[in-house]
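A.B. asks: final.txt is reproduced in full below (compact mmCIF, C-alpha atoms).
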```
# COMPACT_ATOMS: atom_id res chain seq x y z
CA MET A 1153 7.41 30.78 -20.27
CA LEU A 1154 7.41 27.06 -21.05
CA SER A 1155 4.46 24.70 -20.56
CA LEU A 1156 5.49 21.61 -18.61
CA THR A 1157 3.90 18.69 -16.78
CA ILE A 1158 5.43 18.25 -13.32
CA ASN A 1159 4.35 15.29 -11.20
CA GLY A 1160 1.21 14.92 -13.29
CA GLU A 1161 0.17 18.59 -13.07
CA PRO A 1162 0.41 21.25 -15.81
CA ARG A 1163 2.76 24.10 -14.88
CA ARG A 1164 4.58 26.97 -16.50
CA ALA A 1165 8.22 27.75 -15.87
CA ALA A 1166 10.93 30.07 -17.12
CA PRO A 1167 13.53 28.63 -19.50
CA GLY A 1168 16.61 27.25 -17.77
CA SER A 1169 18.14 24.07 -16.43
CA ILE A 1170 16.38 21.36 -14.48
CA ALA A 1171 18.35 22.46 -11.41
CA ASP A 1172 16.97 25.99 -11.89
CA LEU A 1173 13.45 24.58 -12.12
CA VAL A 1174 13.90 22.50 -8.97
CA ARG A 1175 15.15 25.52 -7.05
CA SER A 1176 12.26 27.62 -8.35
CA LEU A 1177 9.99 25.10 -6.63
CA ASP A 1178 11.87 25.75 -3.36
CA LEU A 1179 13.40 22.27 -3.52
CA GLU A 1180 17.04 21.28 -3.10
CA PRO A 1181 18.43 19.46 -6.18
CA THR A 1182 20.67 17.28 -4.00
CA LYS A 1183 17.62 15.83 -2.20
CA VAL A 1184 15.48 14.75 -5.16
CA ALA A 1185 15.61 12.58 -8.27
CA VAL A 1186 14.25 13.76 -11.61
CA GLU A 1187 12.88 11.85 -14.55
CA ARG A 1188 12.44 13.80 -17.82
CA ASN A 1189 10.27 12.35 -20.56
CA GLY A 1190 10.71 8.84 -19.19
CA GLU A 1191 14.49 9.04 -18.75
CA ILE A 1192 16.26 9.58 -15.43
CA VAL A 1193 18.48 12.66 -15.42
CA PRO A 1194 21.67 11.99 -13.43
CA ARG A 1195 21.87 14.37 -10.49
CA SER A 1196 25.34 15.47 -11.57
CA THR A 1197 23.87 16.86 -14.82
CA LEU A 1198 20.77 18.64 -13.48
CA ALA A 1199 22.47 22.01 -13.91
CA ASP A 1200 23.41 21.20 -17.51
CA VAL A 1201 20.15 19.77 -18.90
CA GLN A 1202 17.79 22.46 -20.19
CA ILE A 1203 14.03 22.13 -19.93
CA ALA A 1204 12.00 22.38 -23.12
CA GLU A 1205 8.44 23.07 -24.13
CA GLY A 1206 6.17 20.11 -23.35
CA ASP A 1207 8.62 18.29 -21.07
CA VAL A 1208 7.07 15.77 -18.67
CA LEU A 1209 8.97 15.69 -15.38
CA GLU A 1210 8.71 13.49 -12.32
CA ILE A 1211 10.40 14.78 -9.17
CA VAL A 1212 10.55 12.29 -6.32
CA HIS A 1213 12.00 11.83 -2.85
CA PHE A 1214 11.66 9.33 0.00
CA VAL A 1215 8.65 9.27 2.27
CA GLY A 1216 7.47 7.12 5.15
CA GLY A 1217 5.60 4.08 3.70
CA GLY A 1218 20.18 5.05 16.03
CA GLN A 1219 22.62 2.86 14.58
CA THR A 1220 23.86 0.47 17.28
CA ASP A 1221 27.57 0.60 17.97
CA VAL A 1222 29.18 -2.82 17.68
CA THR A 1223 31.51 -3.23 20.63
CA ASP A 1224 31.27 -7.00 21.09
CA SER A 1225 33.44 -8.92 18.66
CA ASN A 1226 31.21 -11.95 19.26
CA ALA A 1227 28.01 -10.05 18.44
CA ASP A 1228 25.43 -12.14 16.60
CA THR A 1229 25.41 -10.20 13.35
CA TRP A 1230 23.93 -10.96 9.95
CA THR A 1231 25.11 -9.93 6.51
CA VAL A 1232 23.27 -9.12 3.29
CA ALA A 1233 25.12 -8.26 0.08
CA GLY A 1234 28.32 -7.73 2.04
CA ARG A 1235 26.75 -5.33 4.56
CA THR A 1236 26.67 -6.38 8.18
CA PHE A 1237 24.03 -5.44 10.74
CA THR A 1238 23.47 -6.23 14.41
CA SER A 1239 19.72 -5.69 14.57
CA ARG A 1240 17.63 -8.38 12.87
CA LEU A 1241 14.52 -6.22 12.91
CA ILE A 1242 13.67 -4.07 9.88
CA VAL A 1243 10.82 -1.60 10.26
CA GLY A 1244 8.67 0.32 7.82
CA THR A 1245 7.91 4.02 7.82
CA GLY A 1246 4.22 4.18 6.96
CA LYS A 1247 1.00 4.62 8.97
CA TYR A 1248 2.52 6.61 11.84
CA LYS A 1249 0.71 9.74 12.99
CA ASP A 1250 3.77 11.83 12.14
CA PHE A 1251 7.47 11.61 11.38
CA ALA A 1252 8.41 12.29 15.00
CA GLN A 1253 6.52 9.23 16.23
CA ASN A 1254 8.06 7.21 13.41
CA ALA A 1255 11.56 8.26 14.43
CA ALA A 1256 10.89 7.45 18.09
CA ALA A 1257 9.63 3.98 17.15
CA VAL A 1258 12.70 3.31 15.03
CA GLU A 1259 14.93 4.26 17.95
CA ALA A 1260 12.98 2.07 20.38
CA SER A 1261 13.12 -0.88 17.98
CA GLY A 1262 16.88 -0.71 17.60
CA ALA A 1263 16.42 -1.20 13.85
CA GLU A 1264 19.32 -0.26 11.60
CA ILE A 1265 17.31 -0.53 8.37
CA VAL A 1266 14.04 1.18 7.48
CA THR A 1267 11.98 0.69 4.35
CA VAL A 1268 10.96 3.86 2.54
CA ALA A 1269 8.54 4.45 -0.29
CA VAL A 1270 9.44 6.55 -3.32
CA ARG A 1271 6.77 9.16 -3.98
CA ARG A 1272 6.34 12.39 -5.90
CA VAL A 1273 7.52 15.55 -4.20
CA ASN A 1274 4.62 17.81 -3.22
CA VAL A 1275 5.63 20.75 -5.42
CA SER A 1276 2.74 22.77 -3.99
CA ASP A 1277 4.27 22.58 -0.50
CA PRO A 1278 8.04 22.10 -0.94
CA LYS A 1279 8.77 23.12 2.66
CA ALA A 1280 6.68 20.30 4.11
CA PRO A 1281 8.61 18.05 6.54
CA MET A 1282 10.48 15.16 4.95
CA LEU A 1283 11.37 11.78 6.40
CA THR A 1284 15.07 12.55 6.09
CA ASP A 1285 14.59 15.46 8.51
CA PHE A 1286 13.68 12.96 11.25
CA ILE A 1287 15.49 9.72 10.37
CA ASP A 1288 19.06 10.40 9.32
CA PRO A 1289 20.05 8.24 6.30
CA LYS A 1290 23.67 8.57 7.41
CA LYS A 1291 22.85 6.67 10.61
CA ILE A 1292 20.00 4.41 9.49
CA THR A 1293 20.13 2.45 6.24
CA TYR A 1294 17.29 3.40 3.93
CA LEU A 1295 15.84 0.49 1.97
CA PRO A 1296 13.81 1.97 -0.91
CA ASN A 1297 10.86 -0.24 -1.79
CA THR A 1298 8.38 -0.59 -4.62
CA ALA A 1299 5.20 -0.60 -2.57
CA GLY A 1300 2.18 -0.12 -4.80
CA CYS A 1301 3.81 -1.45 -7.98
CA PHE A 1302 1.84 -4.04 -9.94
CA THR A 1303 4.16 -4.57 -12.93
CA ALA A 1304 7.84 -5.31 -13.30
CA GLU A 1305 8.25 -2.16 -15.40
CA ASP A 1306 6.80 0.10 -12.70
CA ALA A 1307 8.98 -1.48 -10.02
CA ILE A 1308 12.14 -1.16 -12.10
CA ARG A 1309 11.37 2.47 -12.95
CA THR A 1310 10.73 3.27 -9.29
CA LEU A 1311 14.02 1.80 -8.14
CA ARG A 1312 15.99 3.53 -10.87
CA LEU A 1313 14.61 6.82 -9.53
CA ALA A 1314 15.36 5.72 -5.97
CA ARG A 1315 18.99 5.06 -6.83
CA GLU A 1316 19.28 8.48 -8.40
CA ALA A 1317 17.61 10.16 -5.41
CA GLY A 1318 19.68 8.53 -2.70
CA GLY A 1319 22.46 6.57 -4.33
CA TRP A 1320 21.40 3.28 -2.72
CA ASP A 1321 21.66 0.01 -4.60
CA LEU A 1322 20.36 -2.20 -1.76
CA VAL A 1323 16.60 -2.15 -2.38
CA LYS A 1324 13.41 -3.98 -1.49
CA LEU A 1325 11.46 -5.28 -4.47
CA GLU A 1326 7.80 -6.15 -4.36
CA VAL A 1327 5.53 -6.57 -7.38
CA LEU A 1328 1.94 -7.10 -6.29
CA GLY A 1329 -0.59 -9.27 -8.06
CA GLU A 1330 -3.78 -7.48 -7.07
CA ALA A 1331 -4.99 -4.95 -4.54
CA ARG A 1332 -7.25 -7.10 -2.38
CA THR A 1333 -4.69 -9.58 -1.06
CA LEU A 1334 -1.47 -7.71 -1.93
CA TYR A 1335 0.02 -11.10 -2.74
CA PRO A 1336 3.11 -10.94 -4.94
CA ASN A 1337 2.92 -11.68 -8.65
CA MET A 1338 5.85 -14.06 -8.84
CA VAL A 1339 6.18 -14.03 -12.65
CA GLU A 1340 6.61 -10.26 -12.62
CA THR A 1341 8.72 -10.37 -9.44
CA ILE A 1342 11.21 -12.83 -10.90
CA ARG A 1343 11.42 -10.83 -14.14
CA ALA A 1344 12.05 -7.59 -12.26
CA THR A 1345 14.65 -9.23 -10.01
CA GLU A 1346 16.64 -10.44 -13.01
CA VAL A 1347 16.64 -7.01 -14.69
CA LEU A 1348 17.57 -5.16 -11.51
CA ALA A 1349 20.39 -7.56 -10.66
CA LYS A 1350 21.87 -7.08 -14.14
CA GLU A 1351 21.76 -3.30 -13.60
CA GLY A 1352 23.80 -3.58 -10.41
CA PHE A 1353 20.98 -3.41 -7.89
CA LEU A 1354 21.00 -5.63 -4.80
CA PRO A 1355 17.34 -6.66 -4.49
CA MET A 1356 15.86 -8.02 -1.30
CA VAL A 1357 12.66 -9.57 -2.61
CA TYR A 1358 9.16 -9.95 -1.13
CA CYS A 1359 7.74 -13.29 -2.23
CA VAL A 1360 5.23 -16.04 -1.56
CA ASP A 1361 6.07 -18.61 1.11
CA ASP A 1362 7.14 -21.14 -1.54
CA PRO A 1363 10.61 -22.74 -1.40
CA ILE A 1364 10.66 -23.24 -5.19
CA ALA A 1365 9.89 -19.59 -5.90
CA ALA A 1366 12.45 -18.53 -3.30
CA LYS A 1367 15.14 -20.59 -5.02
CA GLN A 1368 14.21 -19.12 -8.42
CA LEU A 1369 14.64 -15.63 -7.01
CA GLU A 1370 18.03 -16.53 -5.60
CA ASP A 1371 19.07 -17.95 -8.97
CA VAL A 1372 18.27 -14.69 -10.82
CA GLY A 1373 20.07 -12.40 -8.39
CA ALA A 1374 18.07 -11.78 -5.20
CA VAL A 1375 20.43 -10.99 -2.32
CA ALA A 1376 17.73 -11.91 0.22
CA VAL A 1377 14.33 -13.58 -0.01
CA MET A 1378 11.45 -12.26 2.08
CA PRO A 1379 8.51 -14.66 2.21
CA LEU A 1380 5.25 -13.38 3.63
CA GLY A 1381 4.04 -14.77 6.93
CA ALA A 1382 0.48 -13.67 6.13
CA PRO A 1383 -1.07 -10.95 3.94
CA ILE A 1384 0.42 -7.47 4.31
CA GLY A 1385 -1.09 -5.56 7.21
CA SER A 1386 -3.23 -8.50 8.37
CA GLY A 1387 -1.51 -9.20 11.69
CA LEU A 1388 -2.44 -12.87 11.35
CA GLY A 1389 1.01 -14.17 12.25
CA ILE A 1390 2.96 -16.84 10.42
CA GLN A 1391 0.43 -19.09 8.73
CA ASN A 1392 2.74 -21.73 7.28
CA ARG A 1393 5.73 -22.54 9.44
CA VAL A 1394 6.59 -25.61 7.36
CA THR A 1395 7.29 -23.75 4.11
CA ILE A 1396 9.13 -20.92 5.88
CA ARG A 1397 11.43 -23.48 7.46
CA LEU A 1398 11.94 -25.19 4.08
CA ILE A 1399 12.91 -21.85 2.55
CA VAL A 1400 15.40 -21.26 5.36
CA GLU A 1401 16.91 -24.73 4.95
CA GLY A 1402 17.32 -24.34 1.17
CA ALA A 1403 18.51 -20.75 0.91
CA LYS A 1404 22.08 -19.56 0.45
CA VAL A 1405 21.01 -15.93 0.99
CA PRO A 1406 19.37 -14.36 4.05
CA VAL A 1407 15.69 -15.17 4.65
CA LEU A 1408 13.47 -12.60 6.38
CA VAL A 1409 9.77 -12.90 7.12
CA ASP A 1410 8.07 -9.93 5.54
CA ALA A 1411 4.40 -9.14 6.29
CA GLY A 1412 1.78 -10.59 8.59
CA VAL A 1413 3.42 -10.28 12.01
CA GLY A 1414 0.97 -8.74 14.48
CA THR A 1415 2.57 -9.05 17.89
CA ALA A 1416 5.82 -9.92 19.61
CA SER A 1417 5.26 -13.67 19.97
CA GLU A 1418 4.86 -13.96 16.19
CA ALA A 1419 8.16 -12.17 15.61
CA ALA A 1420 9.78 -14.66 17.99
CA VAL A 1421 8.30 -17.56 16.00
CA ALA A 1422 9.86 -16.25 12.79
CA MET A 1423 13.26 -16.16 14.44
CA GLU A 1424 12.80 -19.59 16.05
CA LEU A 1425 12.29 -20.98 12.55
CA GLY A 1426 15.82 -19.87 11.71
CA CYS A 1427 15.04 -16.71 9.75
CA ASP A 1428 17.77 -14.10 9.59
CA GLY A 1429 15.35 -11.32 10.41
CA VAL A 1430 11.83 -9.93 10.38
CA LEU A 1431 10.37 -6.93 8.58
CA MET A 1432 7.25 -5.23 9.90
CA ASN A 1433 5.36 -1.95 9.78
CA THR A 1434 1.67 -2.16 10.72
CA ALA A 1435 2.27 -4.24 13.85
CA ILE A 1436 4.18 -1.32 15.36
CA ALA A 1437 2.53 1.68 13.71
CA GLU A 1438 -1.05 0.59 14.50
CA ALA A 1439 -0.38 -0.53 18.07
CA LYS A 1440 -2.08 1.55 20.77
CA ASP A 1441 1.41 2.45 21.98
CA PRO A 1442 3.76 2.21 18.98
CA ILE A 1443 6.90 3.05 20.95
CA ARG A 1444 6.30 0.32 23.53
CA MET A 1445 5.42 -2.18 20.78
CA ALA A 1446 8.62 -1.29 18.93
CA ARG A 1447 10.57 -2.07 22.09
CA ALA A 1448 8.65 -5.35 22.52
CA MET A 1449 9.45 -6.37 18.95
CA LYS A 1450 13.14 -5.70 19.52
CA LEU A 1451 13.15 -8.00 22.53
CA ALA A 1452 11.05 -10.65 20.78
CA VAL A 1453 13.41 -10.85 17.81
CA GLN A 1454 16.36 -11.19 20.18
CA ALA A 1455 14.59 -13.86 22.24
CA GLY A 1456 13.56 -15.85 19.17
CA ARG A 1457 17.08 -15.77 17.81
CA ASP A 1458 18.54 -16.93 21.13
CA ALA A 1459 15.99 -19.76 21.28
CA TYR A 1460 16.92 -20.86 17.76
CA LEU A 1461 20.64 -20.85 18.58
CA ALA A 1462 20.03 -22.65 21.88
CA GLY A 1463 18.21 -25.51 20.16
CA ARG A 1464 14.69 -26.48 21.05
CA MET A 1465 13.99 -29.48 23.28
CA GLN A 1466 12.48 -32.52 21.59
CA THR A 1467 8.72 -32.92 21.86
CA ARG A 1468 7.35 -36.10 23.47
CA LYS A 1469 4.05 -37.91 23.39
CA TYR A 1470 3.97 -38.36 27.18
CA ALA A 1471 5.05 -36.52 30.30
CA ASP A 1472 8.66 -36.69 31.43
CA PRO A 1473 9.18 -35.48 35.02
CA SER A 1474 11.78 -32.83 35.68
CA SER A 1475 12.55 -34.14 39.16
CA PRO A 1476 13.91 -37.68 39.72
CA LEU A 1477 11.37 -40.19 41.00
CA ALA A 1478 13.96 -42.19 42.96
CA GLY A 1479 14.26 -41.39 46.64
CA LEU A 1480 10.72 -40.16 47.12
CA ILE A 1481 9.61 -39.92 50.75
```
Please express the file's structure as structure tokens.

C.D. replies:
Amino acid sequence: MLSLTINGEPRRAAPGSIADLVRSLDLEPTKVAVERNGEIVPRSTLADVQIAEGDVLEIVHFVGGGQTDVTDSNADTWTVAGRTFTSRLIVGTGKYKDFAQNAAAVEASGAEIVTVAVRRVNVSDPKAPMLTDFIDPKKITYLPNTAGCFTAEDAIRTLRLAREAGGWDLVKLEVLGEARTLYPNMVETIRATEVLAKEGFLPMVYCVDDPIAAKQLEDVGAVAVMPLGAPIGSGLGIQNRVTIRLIVEGAKVPVLVDAGVGTASEAAVAMELGCDGVLMNTAIAEAKDPIRMARAMKLAVQAGRDAYLAGRMQTRKYADPSSPLAGLI
């Protein structure tokens, strides 16, 4: 028997391939990604690579952190990195009471993209339900994210594993500065964006609501910029409409508000500012009725987009009567 470290825990296993080891843990090799001694093992070679004494292995999958048929040729779609979507609402997959509620909320929201965290497989309970059992990645686009990463290196490593696990190159990058505010560290974020773009990733990037930083991200390869409306999970709504609008006006890639939305009216505001979409998690998952809130957010995003396209009336200093004053009795 060989002594190994698997997902941070010491274990013993019979000699054989990594695929054999994965199966011995009651896991399916086609549903996980494996890192061996700091190097990702391509899934196609799992049956060929032999484990050795002292190997350190990380085995990961996606965890929680219907595609709409397009029948109208004039549908108001949006495109990121050459991929076109009809829903402008992206939802997260964390904080729900269970995967079933999460799946129901996704359906009610009409979202076509969900963000997913990359986490270690629970090798002690390999038969535990997985997100993919409830939200079909063939129907809903998974957007792997780097939630919880505080350095560029950790974020890059996480997304390399994500690509191996699911084959997706469209990813959400966030590199946090510190745990209290969860504000992004823009130096590390820009560095990670540049590396990932050179490796063929298509990073949609969480950033501060700063038009200069947003432009820098675009210049190094971000396929979308995602300024925060307010701190993650705060529900405070969009705190700085001016800078969000400046980012929208200056960007050549999609702009999506990411973080801070608490209720439907705030989602509508983001869309009225001209954003291409809104990403949210807590606002739906922590609502008293998540399914109803998901439906409300869907309608709010649609209403805000329509209002933006319609063009807002000009504001005035004084009243202007709707009915003519001439001909009064």

A.B. asks: So, with all atoms listed in the file as the atoms that count, which of A:Ala1255, A:Leu1322, A:Ala1317, A:Ile1342 lies closest to Glu1305 of chain A?

C.D. replies: A:Ile1342

A.B. asks: Of the residues A:Ala1269, A:Phe1302, A:Ser1176, A:Ala1260, which is the one nearest to Met1449 of chain A, using all atoms listed in the file?

C.D. replies: A:Ala1260

A.B. asks: Work out how far apart atom CA of Met1356 of chain A and atom CA of Leu1325 of chain A are and give it in Å to one decimal.

C.D. replies: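 Going from atom CA of Met1356 of chain A over to atom CA of Leu1325 of chain A, I get 6.1 Å.
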
A.B. asks: Could you tell me which of A:Gly1262, A:Gly1190, A:Gly1412, A:Gly1246 comes closest to Asp1306 of chain A if we count only C-alpha atoms?

C.D. replies: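 Closest residue, counting only C-alpha atoms: A:Gly1190.
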
A.B. asks: If we count only C-alpha atoms, what is near Lys1350 of chain A at a cut-off of 12 Å, once residues fewer than 5 positions away on the same chain are taken out, given as a list of chain:residue names?

C.D. replies: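 Close residues of Lys1350 of chain A: A:Ile1308, A:Asp1321, A:Arg1343, A:Ala1344, A:Thr1345, A:Pro1355, A:Val1372, A:Gly1373, A:Ala1374.
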